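Chemist: Data: query.cif, mmCIF, C-alpha atoms.
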```cif
data_target
loop_
_atom_site.label_atom_id
_atom_site.label_comp_id
_atom_site.auth_asym_id
_atom_site.auth_seq_id
_atom_site.Cartn_x
_atom_site.Cartn_y
_atom_site.Cartn_z
CA MET F 1 164.37 -34.17 8.23
CA ASN F 2 166.07 -33.07 5.04
CA GLY F 3 169.44 -31.46 5.79
CA ILE F 4 168.82 -28.62 3.31
CA LEU F 5 165.75 -27.57 5.32
CA ALA F 6 167.32 -27.89 8.80
CA LEU F 7 169.12 -24.50 8.79
CA PRO F 8 166.08 -22.37 7.77
CA ARG F 9 163.96 -24.18 10.33
CA LEU F 10 166.57 -23.61 13.04
CA CYS F 11 166.64 -19.88 12.23
CA TRP F 12 162.86 -19.87 12.39
CA LEU F 13 162.92 -21.46 15.81
CA LEU F 14 165.51 -18.96 17.08
CA ALA F 15 163.15 -16.19 16.04
CA LEU F 16 160.40 -18.05 17.89
CA CYS F 17 162.53 -18.06 21.04
CA ALA F 18 163.12 -14.32 20.77
CA ALA F 19 159.41 -13.67 20.31
CA LEU F 20 158.54 -15.75 23.34
CA ALA F 21 161.17 -13.95 25.42
CA ALA F 22 159.79 -10.57 24.37
CA CYS F 23 156.30 -11.67 25.35
CA SER F 24 157.50 -12.83 28.76
CA ASN F 25 159.21 -9.47 29.45
CA GLU F 26 156.16 -7.35 28.55
CA SER F 27 155.89 -4.67 31.26
CA GLU F 28 152.21 -3.87 30.64
CA PRO F 29 150.35 -7.17 30.18
CA GLU F 30 146.98 -5.38 30.30
CA THR F 31 147.77 -3.74 26.93
CA SER F 32 149.25 -6.89 25.26
CA GLU F 33 147.39 -8.49 22.34
CA ARG F 34 145.44 -11.64 23.10
CA ARG F 35 147.22 -14.67 21.68
CA THR F 36 145.71 -18.02 20.68
CA SER F 37 147.51 -21.07 22.06
CA VAL F 38 148.42 -23.42 19.18
CA THR F 39 150.70 -26.26 18.18
CA VAL F 40 152.63 -26.34 14.92
CA SER F 41 154.07 -29.11 12.78
CA TRP F 42 156.41 -29.44 9.84
CA PRO F 43 155.07 -30.80 6.55
CA GLU F 44 156.42 -34.23 5.73
CA LEU F 45 157.51 -35.80 2.43
CA ARG F 46 156.08 -39.29 2.04
CA GLN F 47 155.65 -41.98 -0.56
CA LEU F 48 151.92 -41.83 -1.30
CA GLU F 49 149.67 -44.40 -2.93
CA GLN F 50 146.58 -43.65 -4.98
CA LEU F 51 144.07 -46.34 -4.03
CA GLU F 52 140.90 -47.60 -5.69
CA ARG F 53 138.43 -49.25 -3.29
CA SER F 54 136.57 -52.42 -4.28
CA VAL F 55 134.32 -54.79 -2.36
CA GLY F 56 134.36 -58.35 -3.69
CA ARG F 57 133.90 -61.93 -2.56
CA LEU F 58 136.06 -64.80 -1.39
CA GLU F 59 135.90 -68.14 -3.18
CA ALA F 60 137.45 -71.48 -2.35
CA VAL F 61 140.14 -72.55 -4.79
CA SER F 62 139.27 -76.18 -4.07
CA ALA F 63 135.73 -77.22 -3.12
CA PRO F 64 135.25 -80.83 -4.25
CA GLY F 65 131.99 -82.70 -3.98
CA VAL F 66 132.59 -86.21 -2.61
CA ALA F 67 130.44 -88.80 -4.41
CA ALA F 68 130.00 -92.55 -4.08
CA GLU F 69 132.19 -94.55 -6.46
CA THR F 70 130.41 -97.84 -5.81
CA ALA F 71 126.90 -98.85 -4.75
CA GLY F 72 125.99 -99.82 -1.22
CA ARG F 73 124.09 -98.99 1.94
CA VAL F 74 125.59 -96.47 4.37
CA VAL F 75 126.50 -98.35 7.57
CA ALA F 76 128.65 -95.76 9.40
CA LEU F 77 129.35 -92.02 9.31
CA TYR F 78 132.60 -90.52 10.62
CA ALA F 79 132.21 -86.85 9.58
CA ASP F 80 129.50 -84.21 9.72
CA ALA F 81 128.96 -80.60 8.64
CA GLY F 82 131.41 -78.18 10.24
CA MET F 83 134.10 -80.76 10.97
CA GLN F 84 137.70 -80.24 9.88
CA VAL F 85 139.09 -83.25 8.03
CA ASP F 86 142.51 -84.15 6.67
CA ALA F 87 143.18 -85.52 3.21
CA GLY F 88 142.60 -89.28 3.33
CA ALA F 89 140.42 -89.14 6.45
CA LEU F 90 137.60 -91.71 6.55
CA LEU F 91 134.22 -90.05 5.99
CA LEU F 92 131.78 -93.00 5.82
CA SER F 93 131.55 -96.75 5.27
CA LEU F 94 129.25 -98.63 2.91
CA ASP F 95 128.03 -102.20 3.34
CA ALA F 96 130.79 -104.16 1.58
CA GLU F 97 129.21 -107.62 1.40
CA THR F 98 128.61 -107.56 -2.37
CA GLN F 99 132.09 -106.25 -3.10
CA GLN F 100 133.68 -108.84 -0.77
CA HIS F 101 131.88 -111.63 -2.63
CA ALA F 102 133.23 -110.26 -5.91
CA VAL F 103 136.76 -110.30 -4.52
CA SER F 104 136.37 -113.88 -3.29
CA ALA F 105 135.03 -115.02 -6.67
CA ALA F 106 137.87 -113.33 -8.54
CA GLU F 107 140.45 -114.93 -6.24
CA ALA F 108 138.90 -118.38 -6.77
CA GLU F 109 138.89 -117.96 -10.54
CA LEU F 110 142.54 -116.93 -10.44
CA ARG F 111 143.45 -120.02 -8.40
CA ARG F 112 141.55 -122.29 -10.84
CA LEU F 113 143.32 -120.85 -13.87
CA SER F 114 146.68 -121.01 -12.10
CA ALA F 115 146.18 -124.76 -11.47
CA MET F 116 145.11 -125.37 -15.08
CA LEU F 117 148.11 -123.44 -16.38
CA ALA F 118 150.51 -125.43 -14.19
CA ASN F 119 148.97 -128.72 -15.37
CA GLN F 120 149.19 -127.64 -19.01
CA GLN F 121 152.85 -126.64 -18.63
CA VAL F 122 153.62 -130.13 -17.24
CA GLN F 123 151.84 -131.69 -20.23
CA VAL F 124 153.84 -129.53 -22.65
CA GLU F 125 157.13 -130.64 -21.09
CA ARG F 126 156.09 -134.31 -21.39
CA LEU F 127 155.08 -133.87 -25.04
CA ARG F 128 158.38 -132.15 -25.85
CA GLY F 129 160.26 -135.18 -24.53
CA LEU F 130 158.15 -137.52 -26.65
CA ALA F 131 158.58 -135.28 -29.69
CA GLN F 132 162.37 -135.52 -29.38
CA ARG F 133 162.02 -139.32 -29.66
CA GLN F 134 159.47 -138.83 -32.43
CA SER F 135 156.88 -140.65 -30.33
CA VAL F 136 154.22 -137.95 -30.75
CA ALA F 137 153.01 -135.82 -33.62
CA GLN F 138 154.30 -132.22 -33.80
CA ASP F 139 150.80 -130.77 -34.14
CA GLN F 140 149.82 -132.32 -30.81
CA LEU F 141 152.76 -130.50 -29.13
CA ASP F 142 151.83 -127.26 -30.89
CA GLN F 143 148.26 -127.52 -29.62
CA ALA F 144 149.44 -128.04 -26.05
CA GLU F 145 151.76 -124.99 -26.22
CA THR F 146 148.87 -122.90 -27.58
CA MET F 147 146.77 -123.87 -24.55
CA VAL F 148 149.56 -122.59 -22.27
CA SER F 149 149.29 -119.19 -23.97
CA VAL F 150 145.48 -119.26 -23.63
CA TYR F 151 145.64 -120.06 -19.91
CA THR F 152 148.30 -117.34 -19.41
CA ALA F 153 146.06 -114.74 -21.08
CA GLN F 154 143.07 -115.92 -19.02
CA MET F 155 145.12 -115.52 -15.84
CA GLU F 156 146.02 -111.93 -16.77
CA GLU F 157 142.33 -111.23 -17.31
CA ALA F 158 141.49 -112.83 -13.95
CA ARG F 159 144.11 -110.67 -12.20
CA ALA F 160 142.54 -107.56 -13.74
CA ARG F 161 139.09 -108.66 -12.51
CA LEU F 162 140.53 -109.25 -9.04
CA SER F 163 142.13 -105.78 -9.03
CA GLN F 164 138.82 -104.22 -10.05
CA ALA F 165 136.96 -106.16 -7.36
CA GLU F 166 139.50 -105.07 -4.72
CA LEU F 167 139.15 -101.46 -5.91
CA GLU F 168 135.35 -101.68 -5.57
CA LEU F 169 135.83 -103.07 -2.06
CA ALA F 170 138.18 -100.22 -1.14
CA ARG F 171 135.63 -97.70 -2.44
CA THR F 172 133.20 -98.79 0.25
CA GLN F 173 135.45 -96.79 2.61
CA VAL F 174 134.88 -93.19 1.45
CA ARG F 175 137.80 -90.87 2.24
CA SER F 176 138.31 -87.11 1.92
CA PRO F 177 140.25 -86.08 -1.21
CA VAL F 178 141.53 -82.84 0.40
CA SER F 179 142.11 -81.25 3.78
CA GLY F 180 139.33 -78.83 4.63
CA GLN F 181 135.99 -78.33 6.32
CA VAL F 182 132.85 -80.35 5.67
CA GLN F 183 130.33 -77.89 4.27
CA ARG F 184 127.38 -80.30 3.91
CA ARG F 185 126.56 -83.93 4.61
CA LEU F 186 124.10 -85.27 2.04
CA VAL F 187 123.35 -88.82 3.32
CA SER F 188 122.44 -90.61 6.52
CA VAL F 189 123.06 -94.07 7.95
CA GLY F 190 120.76 -96.55 6.21
CA ASP F 191 120.60 -94.73 2.89
CA PHE F 192 121.30 -96.83 -0.18
CA VAL F 193 123.56 -94.94 -2.56
CA SER F 194 124.44 -95.73 -6.14
CA SER F 195 127.67 -94.86 -7.90
CA GLY F 196 127.81 -91.11 -8.51
CA ARG F 197 125.49 -90.13 -5.63
CA GLY F 198 126.75 -87.03 -3.76
CA LEU F 199 127.81 -87.70 -0.17
CA PHE F 200 129.65 -84.62 1.16
CA GLU F 201 130.66 -81.11 0.16
CA ILE F 202 134.11 -80.12 1.43
CA VAL F 203 135.75 -76.70 1.27
CA ALA F 204 139.52 -76.53 1.36
CA ALA F 205 140.08 -73.48 3.59
CA ASP F 206 143.86 -73.14 3.19
CA ALA F 207 143.73 -71.51 -0.25
CA LEU F 208 141.30 -68.79 -1.29
CA GLN F 209 140.66 -66.59 -4.29
CA ALA F 210 139.41 -63.01 -4.01
CA VAL F 211 137.22 -61.84 -6.89
CA LEU F 212 137.15 -58.03 -7.08
CA PRO F 213 135.02 -55.93 -9.47
CA LEU F 214 136.31 -52.60 -10.79
CA PRO F 215 134.64 -50.11 -13.16
CA GLU F 216 135.11 -50.92 -16.83
CA HIS F 217 136.93 -47.64 -17.54
CA LEU F 218 139.86 -48.80 -15.34
CA GLN F 219 140.65 -51.86 -17.44
CA ASP F 220 143.81 -50.28 -18.88
CA ALA F 221 144.98 -49.11 -15.45
CA VAL F 222 145.24 -52.57 -13.84
CA SER F 223 147.46 -55.50 -14.69
CA VAL F 224 148.77 -58.78 -13.32
CA GLY F 225 151.26 -58.21 -10.50
CA GLN F 226 149.69 -54.94 -9.32
CA ARG F 227 149.81 -54.48 -5.54
CA ILE F 228 146.62 -54.67 -3.53
CA TYR F 229 145.61 -54.58 0.14
CA LEU F 230 142.88 -56.96 1.36
CA SER F 231 140.81 -57.11 4.54
CA ILE F 232 137.47 -58.56 5.66
CA PRO F 233 134.61 -56.70 7.37
CA ALA F 234 135.00 -58.75 10.55
CA ARG F 235 138.66 -57.69 10.96
CA PRO F 236 139.26 -54.42 9.07
CA ASP F 237 142.61 -53.85 10.81
CA GLN F 238 144.03 -57.13 9.50
CA ARG F 239 145.33 -55.96 6.11
CA VAL F 240 147.03 -58.46 3.82
CA GLU F 241 149.22 -57.28 0.95
CA GLN F 242 148.90 -59.35 -2.23
CA THR F 243 149.29 -58.92 -5.99
CA VAL F 244 146.77 -59.37 -8.79
CA SER F 245 147.03 -62.97 -10.02
CA ASP F 246 144.85 -62.70 -13.12
CA LEU F 247 142.06 -60.72 -14.78
CA ARG F 248 138.85 -62.20 -16.14
CA PRO F 249 138.99 -62.00 -19.95
CA VAL F 250 135.45 -60.63 -20.34
CA VAL F 251 133.49 -57.75 -18.83
CA GLY F 252 130.60 -58.79 -16.59
CA GLN F 253 127.41 -58.84 -18.63
CA GLY F 254 125.19 -57.59 -15.82
CA SER F 255 127.61 -55.39 -13.86
CA ARG F 256 129.67 -54.01 -16.78
CA ALA F 257 132.70 -54.41 -14.52
CA ILE F 258 136.08 -56.06 -14.92
CA GLU F 259 137.06 -58.64 -12.31
CA LEU F 260 140.47 -59.03 -10.68
CA LEU F 261 141.49 -62.44 -9.32
CA ILE F 262 143.83 -62.64 -6.34
CA ASN F 263 145.06 -66.03 -5.08
CA LEU F 264 146.09 -66.08 -1.43
CA ASP F 265 146.74 -68.39 1.48
CA ASN F 266 144.07 -68.05 4.15
CA PRO F 267 145.43 -65.53 6.71
CA GLY F 268 143.31 -67.19 9.38
CA ARG F 269 139.56 -67.84 9.60
CA TRP F 270 138.70 -66.05 6.37
CA ARG F 271 135.69 -67.87 4.96
CA ALA F 272 134.88 -68.73 1.37
CA GLY F 273 131.67 -66.99 0.30
CA GLY F 274 132.34 -63.98 2.52
CA SER F 275 133.01 -60.37 1.54
CA VAL F 276 136.48 -58.92 1.06
CA VAL F 277 137.45 -55.24 0.98
CA ALA F 278 140.34 -54.30 -1.32
CA ASP F 279 142.41 -51.20 -1.98
CA VAL F 280 144.08 -51.48 -5.38
CA VAL F 281 147.28 -49.43 -5.72
CA MET F 282 146.69 -47.45 -8.91
CA ALA F 283 149.71 -45.10 -8.68
CA GLN F 284 152.59 -44.07 -6.38
CA ARG F 285 154.34 -40.73 -5.94
CA GLU F 286 156.19 -38.62 -3.39
CA GLY F 287 154.02 -35.95 -1.80
CA LEU F 288 154.01 -33.30 0.91
CA VAL F 289 151.56 -34.11 3.71
CA ILE F 290 150.28 -32.28 6.76
CA PRO F 291 148.02 -33.37 9.64
CA SER F 292 144.33 -33.24 8.76
CA GLN F 293 143.61 -30.71 11.54
CA ALA F 294 145.92 -28.17 9.89
CA LEU F 295 143.61 -27.73 6.89
CA VAL F 296 140.81 -25.19 7.38
CA ARG F 297 137.94 -24.19 5.08
CA ARG F 298 137.50 -20.47 4.57
CA PRO F 299 135.44 -18.44 2.06
CA ALA F 300 138.55 -18.24 -0.14
CA GLY F 301 138.88 -22.03 -0.17
CA GLU F 302 141.05 -24.53 1.70
CA VAL F 303 143.83 -22.78 3.66
CA VAL F 304 146.62 -23.46 6.15
CA PHE F 305 148.09 -21.04 8.66
CA VAL F 306 151.87 -20.78 8.37
CA TYR F 307 153.73 -19.64 11.48
CA ASP F 308 156.18 -16.84 10.69
CA GLY F 309 158.40 -17.44 13.71
CA ASP F 310 157.54 -14.02 15.18
CA GLY F 311 154.33 -14.76 17.00
CA ARG F 312 151.94 -14.44 14.07
CA VAL F 313 150.50 -16.63 11.36
CA GLU F 314 149.90 -16.10 7.67
CA GLN F 315 146.91 -17.58 5.88
CA GLN F 316 147.91 -19.45 2.68
CA LEU F 317 145.53 -20.89 0.08
CA VAL F 318 146.49 -24.47 -0.84
CA GLN F 319 145.46 -27.19 -3.27
CA THR F 320 145.02 -30.64 -1.76
CA GLY F 321 145.53 -34.11 -3.23
CA LEU F 322 145.33 -37.56 -1.69
CA ARG F 323 143.96 -38.10 1.78
CA GLY F 324 144.56 -40.80 4.33
CA PRO F 325 143.93 -41.52 8.01
CA GLY F 326 145.07 -38.37 9.81
CA TRP F 327 146.85 -36.73 6.86
CA ILE F 328 146.23 -34.68 3.71
CA GLU F 329 148.49 -34.17 0.72
CA ILE F 330 149.25 -30.56 -0.27
CA ARG F 331 149.89 -30.28 -4.00
CA GLU F 332 150.39 -26.48 -4.20
CA GLY F 333 150.64 -23.48 -1.86
CA LEU F 334 153.03 -24.81 0.81
CA ARG F 335 156.76 -25.53 1.05
CA ALA F 336 158.38 -28.26 3.09
CA ASP F 337 160.23 -25.69 5.26
CA GLN F 338 157.06 -23.87 6.36
CA ALA F 339 155.58 -24.89 9.71
CA VAL F 340 151.78 -24.99 9.86
CA VAL F 341 149.43 -24.59 12.79
CA VAL F 342 147.72 -27.84 13.79
CA ASP F 343 145.77 -27.57 17.04
CA GLY F 344 143.89 -24.28 17.10
CA ALA F 345 143.97 -23.66 13.36
CA GLY F 346 140.17 -23.46 13.17
CA PHE F 347 140.11 -20.40 15.47
CA LEU F 348 142.61 -18.29 13.51
CA ALA F 349 142.47 -15.56 10.91
CA ASP F 350 145.19 -14.08 8.74
CA ALA F 351 147.90 -12.28 10.78
CA ALA F 352 146.48 -13.56 14.08
CA ALA F 353 148.76 -13.51 17.13
CA VAL F 354 149.56 -16.97 18.52
CA GLU F 355 151.44 -18.61 21.33
CA VAL F 356 153.17 -21.82 20.27
CA ARG F 357 153.21 -24.73 22.70
CA GLU F 358 155.93 -27.41 22.76
CA TRP F 359 158.43 -25.29 20.87
CA LEU F 360 161.42 -27.08 22.43
CA ALA F 361 160.28 -30.33 20.80
CA LEU F 362 160.06 -28.48 17.47
CA MET F 363 163.62 -27.24 17.85
CA GLU F 364 164.88 -30.78 18.48
CA GLU F 365 162.97 -31.97 15.42
CA ALA F 366 164.50 -29.23 13.24
CA GLN F 367 168.01 -30.09 14.43
CA ARG F 368 167.49 -33.74 13.49
#
```
Represent the structure contained in this file as structure tokens.

Modeler:
Amino acid sequence: MNGILALPRLCWLLALCAALAACSNESEPETSERRTSVTVSWPELRQLEQLERSVGRLEAVSAPGVAAETAGRVVALYADAGMQVDAGALLLSLDAETQQHAVSAAEAELRRLSAMLANQQVQVERLRGLAQRQSVAQDQLDQAETMVSVYTAQMEEARARLSQAELELARTQVRSPVSGQVQRRLVSVGDFVSSGRGLFEIVAADALQAVLPLPEHLQDAVSVGQRIYLSIPARPDQRVEQTVSDLRPVVGQGSRAIELLINLDNPGRWRAGGSVVADVVMAQREGLVIPSQALVRRPAGEVVFVYDGDGRVEQQLVQTGLRGPGWIEIREGLRADQAVVVDGAGFLADAAAVEVREWLALMEEAQR
């Protein structure tokens, strides 16, 4: 409690003690005024947040569709809808006979060209020796050296064909590009698939994006980096604090709303495609708050009953502000050093006589 307010509150509580003592020493209880039993509480200064509620949707940041990259018949399946898979995990196998034949042919062609190149290099060396003794024409040597270059180029081409054939063979083993959950399986064993045919849909569940609509008139009140609290309907008590990652550059054509984008790591079993509830922090300020039960509606408006420390209460008209679970902000009509009635406030009128319960706890609070 603020040190400046401690002394007035302590004096107030001393007066409360005197009033209680006087009541206990009343010699004629049958003539004493009936008192309402109440509890009182001090107003509290808090940092308050003005929130704007939005209900949006969760989207997967990464949701790749796995397609066949070579043609073949499906011979084995290793994953199905609902399964969790790691990046690189084997999803299915295609019949690889055609691709294996292509690899074998490319390897044979490479061996043939390698033998021809070796033979041509031997011939070049022999012709160079004869040319030094001027036993062979120079153009014959030049032609032989040209054939070495031709065979070398053909070997490079054969290696490229072999690499392509090996890649096609490897593509018969379809693997997951990301870690995530299989959303859909699109083929069965025995299906013949061509290159480009969809096989699986996988959702990467580790990273999500919340898409939150807000009314168009708030577009100047939100910005990147603004704080926001997120939860899902299944677990409303699990609140996650994040910041706005980006804003869509255009207003929704149908909804006339702006959309906030929030990137987040999955807090645990949040599902892409589900709803998300968000409270966007629009403003912050320090405010005076009281328990919700202390505010009472009367014909004059919203009022609180301030305890005067002498066994009676005074009705005060107040202006309220923000509200939260169990509390209400008081903008005008109440000071921080005025104790208000909480329990029993709804049964009181101005200048009513009261009996305060738990006053020793209030004294300890004032001294702190």

Chemist: Which is closer to Glu259 in chain F than all the others in F:Arg323, F:Arg57, F:Arg298, F:Arg126, using all atoms listed in the file?

Modeler: F:Arg57

Chemist: If you apply the PyMOL selection byres ((chain F and resi 227) around 6) to this file, what residues do you get, as a list of chain:residue names?

Modeler: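 Written out, the selection comes to F:Gln226, F:Ile228, F:Gln242, F:Thr243, F:Val281.
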
Chemist: Taking 4 positions as the minimum chain separation for residues in the same chain, which residues sit within 9 Å of Val193 in chain F when counting only C-alpha atoms? Answer as a VMD selection string.

Modeler: chain F and resid 68 70 to 74 94 187 197 to 199

Chemist: Could you write out the selected residues, including C-alpha atoms, as a compact mmCIF listing (two decimals), in the frame of the given file?

Modeler:
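Once written, out.txt looks like this:
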```
# COMPACT_ATOMS: atom_id res chain seq x y z
CA ALA F 68 130.00 -92.55 -4.08
CA THR F 70 130.41 -97.84 -5.81
CA ALA F 71 126.90 -98.85 -4.75
CA GLY F 72 125.99 -99.82 -1.22
CA ARG F 73 124.09 -98.99 1.94
CA VAL F 74 125.59 -96.47 4.37
CA LEU F 94 129.25 -98.63 2.91
CA VAL F 187 123.35 -88.82 3.32
CA ARG F 197 125.49 -90.13 -5.63
CA GLY F 198 126.75 -87.03 -3.76
CA LEU F 199 127.81 -87.70 -0.17
```

Chemist: Hey, what's within 7 Å of Ala87 in chain F if we count all atoms listed in the file and toss same-chain stuff fewer than 6 positions away? As a list in words, please?

Modeler: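 Final neighbour list, sorted by chain and number: Ser176, Pro177, Val178 and Ser179 of chain F.
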
Chemist: So what do you get for CA of Arg185 in chain F versus CA of Ala234 in chain F, distance-wise?

Modeler: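 Distance reported for this atom pair: 27.2 Å.
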
Chemist: Just how far from CA of Ser93 in chain F is CA of Tyr78 in chain F, in Å to one decimal?

Modeler: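 For CA of Tyr78 in chain F relative to CA of Ser93 in chain F, the distance reads 8.3 Å.
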
Chemist: As a ChimeraX atom specification, please: the residues near Asp350 in chain F (cut-off 9 Å, only C-alpha atoms, same-chain neighbours under 4 positions excluded).

Modeler: /F:305,312-316

Chemist: Report, as lines of an AutoDock Vina configuration file, the axis-aligned box around all atoms of range 298-312 of chain F present in the file, extended by 4 Å on each side; give centre and edge lengths in Å to one decimal place.

Modeler:
```
center_x = 146.9
center_y = -19.3
center_z = 8.4
size_x = 31.0
size_y = 18.5
size_z = 25.2
```

Chemist: Could you tell me, as a list of chain:residue names, exactly which residues end up selected when the PyMOL selection byres ((chain F and resi 117) around 9) is applied to this structure?

Modeler: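 That selection, the PyMOL selection byres ((chain F and resi 117) around 9), comes back as F:Arg112, F:Leu113, F:Ser114, F:Ala115, F:Met116, F:Ala118, F:Asn119, F:Gln120, F:Gln121, F:Val122, F:Met147, F:Val148, F:Ser149, F:Val150, F:Tyr151, F:Thr152, F:Met155.
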
Chemist: Give me the residues of range 235-314 of chain F that have any atom at most 10 Å from an atom of range 33-47 of chain F; for each, the nearest atom pair and the distance in Å, rounded to one decimal. Use all atoms listed in the file, sort by chain and number, and format it as a Markdown table.

Modeler:
```
| residue | atom | partner | partner_atom | distance |
| --- | --- | --- | --- | --- |
| F:Gln284 | CA | F:Gln47 | CA | 6.9 |
| F:Arg285 | CA | F:Gln47 | CA | 5.7 |
| F:Glu286 | CA | F:Gln47 | CA | 4.4 |
| F:Gly287 | CA | F:Leu45 | CA | 5.5 |
| F:Leu288 | CA | F:Leu45 | CA | 4.6 |
| F:Val289 | CA | F:Glu44 | CA | 5.3 |
| F:Ile290 | CA | F:Pro43 | CA | 5.0 |
| F:Pro291 | CA | F:Ser41 | CA | 8.0 |
| F:Ala294 | CA | F:Val40 | CA | 8.6 |
| F:Phe305 | CA | F:Val40 | CA | 9.4 |
| F:Val306 | CA | F:Val40 | CA | 8.6 |
| F:Tyr307 | CA | F:Val40 | CA | 7.6 |
| F:Gly311 | CA | F:Arg35 | CA | 8.5 |
| F:Arg312 | CA | F:Arg35 | CA | 9.0 |
```

Chemist: Can those selected residues be exported to a file as a PDB file, keeping the file's coordinate frame so that it contains C-alpha atoms?

Modeler:
```pdb
ATOM      1  CA  GLN F 284     152.590 -44.070  -6.380  1.00  0.00           C
ATOM      2  CA  ARG F 285     154.340 -40.730  -5.940  1.00  0.00           C
ATOM      3  CA  GLU F 286     156.190 -38.620  -3.390  1.00  0.00           C
ATOM      4  CA  GLY F 287     154.020 -35.950  -1.800  1.00  0.00           C
ATOM      5  CA  LEU F 288     154.010 -33.300   0.910  1.00  0.00           C
ATOM      6  CA  VAL F 289     151.560 -34.110   3.710  1.00  0.00           C
ATOM      7  CA  ILE F 290     150.280 -32.280   6.760  1.00  0.00           C
ATOM      8  CA  PRO F 291     148.020 -33.370   9.640  1.00  0.00           C
ATOM      9  CA  ALA F 294     145.920 -28.170   9.890  1.00  0.00           C
ATOM     10  CA  PHE F 305     148.090 -21.040   8.660  1.00  0.00           C
ATOM     11  CA  VAL F 306     151.870 -20.780   8.370  1.00  0.00           C
ATOM     12  CA  TYR F 307     153.730 -19.640  11.480  1.00  0.00           C
ATOM     13  CA  GLY F 311     154.330 -14.760  17.000  1.00  0.00           C
ATOM     14  CA  ARG F 312     151.940 -14.440  14.070  1.00  0.00           C
TER      15      ARG F 312
END
```

Chemist: For the file shown, what are the residues hit by the PyMOL selection byres ((chain F and resi 52) around 9), laid out as an mmCIF file with C-alpha atoms, in the frame of the given file?

Modeler:
```cif
data_model
loop_
_atom_site.group_PDB
_atom_site.id
_atom_site.type_symbol
_atom_site.label_atom_id
_atom_site.label_comp_id
_atom_site.auth_asym_id
_atom_site.auth_seq_id
_atom_site.Cartn_x
_atom_site.Cartn_y
_atom_site.Cartn_z
ATOM 1 C CA GLN F 50 146.580 -43.650 -4.980
ATOM 2 C CA LEU F 51 144.070 -46.340 -4.030
ATOM 3 C CA ARG F 53 138.430 -49.250 -3.290
ATOM 4 C CA SER F 54 136.570 -52.420 -4.280
ATOM 5 C CA LEU F 214 136.310 -52.600 -10.790
ATOM 6 C CA ALA F 278 140.340 -54.300 -1.320
ATOM 7 C CA ASP F 279 142.410 -51.200 -1.980
ATOM 8 C CA VAL F 280 144.080 -51.480 -5.380
ATOM 9 C CA VAL F 281 147.280 -49.430 -5.720
ATOM 10 C CA MET F 282 146.690 -47.450 -8.910
#
```

Chemist: Counting only C-alpha atoms, which residue out of F:Val277, F:Ala105, F:Leu186, F:Val211 sits closest to Ala79 in chain F?

Modeler: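 Among the listed residues, the smallest separation from Ala79 in chain F belongs to F:Leu186.
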
Chemist: For CA of Gln164 in chain F and CA of Leu92 in chain F, quote the distance in Å rounded to one decimal.

Modeler: 20.7 Å

Chemist: Can you sort out range 165-176 of chain F so it carries N, CA and C atoms, written as a PDB file, keeping the file's coordinate frame?

Modeler:
```
ATOM      1  N   ALA F 165     137.801-105.794  -8.499  1.00  0.00           N
ATOM      2  CA  ALA F 165     136.960-106.160  -7.360  1.00  0.00           C
ATOM      3  C   ALA F 165     137.540-105.587  -6.062  1.00  0.00           C
ATOM      4  N   GLU F 166     138.854-105.641  -5.918  1.00  0.00           N
ATOM      5  CA  GLU F 166     139.500-105.070  -4.720  1.00  0.00           C
ATOM      6  C   GLU F 166     139.318-103.546  -4.680  1.00  0.00           C
ATOM      7  N   LEU F 167     139.365-102.898  -5.861  1.00  0.00           N
ATOM      8  CA  LEU F 167     139.150-101.460  -5.910  1.00  0.00           C
ATOM      9  C   LEU F 167     137.725-101.109  -5.484  1.00  0.00           C
ATOM     10  N   GLU F 168     136.735-101.907  -5.966  1.00  0.00           N
ATOM     11  CA  GLU F 168     135.350-101.680  -5.570  1.00  0.00           C
ATOM     12  C   GLU F 168     135.181-101.874  -4.061  1.00  0.00           C
ATOM     13  N   LEU F 169     135.898-102.838  -3.503  1.00  0.00           N
ATOM     14  CA  LEU F 169     135.830-103.070  -2.060  1.00  0.00           C
ATOM     15  C   LEU F 169     136.425-101.878  -1.305  1.00  0.00           C
ATOM     16  N   ALA F 170     137.554-101.379  -1.792  1.00  0.00           N
ATOM     17  CA  ALA F 170     138.180-100.220  -1.140  1.00  0.00           C
ATOM     18  C   ALA F 170     137.281 -98.987  -1.206  1.00  0.00           C
ATOM     19  N   ARG F 171     136.499 -98.870  -2.282  1.00  0.00           N
ATOM     20  CA  ARG F 171     135.630 -97.700  -2.440  1.00  0.00           C
ATOM     21  C   ARG F 171     134.464 -97.693  -1.468  1.00  0.00           C
ATOM     22  N   THR F 172     134.227 -98.796  -0.782  1.00  0.00           N
ATOM     23  CA  THR F 172     133.200 -98.790   0.250  1.00  0.00           C
ATOM     24  C   THR F 172     133.642 -97.985   1.470  1.00  0.00           C
ATOM     25  N   GLN F 173     134.924 -97.675   1.564  1.00  0.00           N
ATOM     26  CA  GLN F 173     135.450 -96.790   2.610  1.00  0.00           C
ATOM     27  C   GLN F 173     135.710 -95.426   1.956  1.00  0.00           C
ATOM     28  N   VAL F 174     134.810 -94.491   2.134  1.00  0.00           N
ATOM     29  CA  VAL F 174     134.880 -93.190   1.450  1.00  0.00           C
ATOM     30  C   VAL F 174     135.790 -92.271   2.249  1.00  0.00           C
ATOM     31  N   ARG F 175     136.802 -91.713   1.573  1.00  0.00           N
ATOM     32  CA  ARG F 175     137.800 -90.870   2.240  1.00  0.00           C
ATOM     33  C   ARG F 175     137.813 -89.471   1.608  1.00  0.00           C
ATOM     34  N   SER F 176     138.275 -88.501   2.387  1.00  0.00           N
ATOM     35  CA  SER F 176     138.310 -87.110   1.920  1.00  0.00           C
ATOM     36  C   SER F 176     139.455 -86.924   0.915  1.00  0.00           C
TER      37      SER F 176
END
```
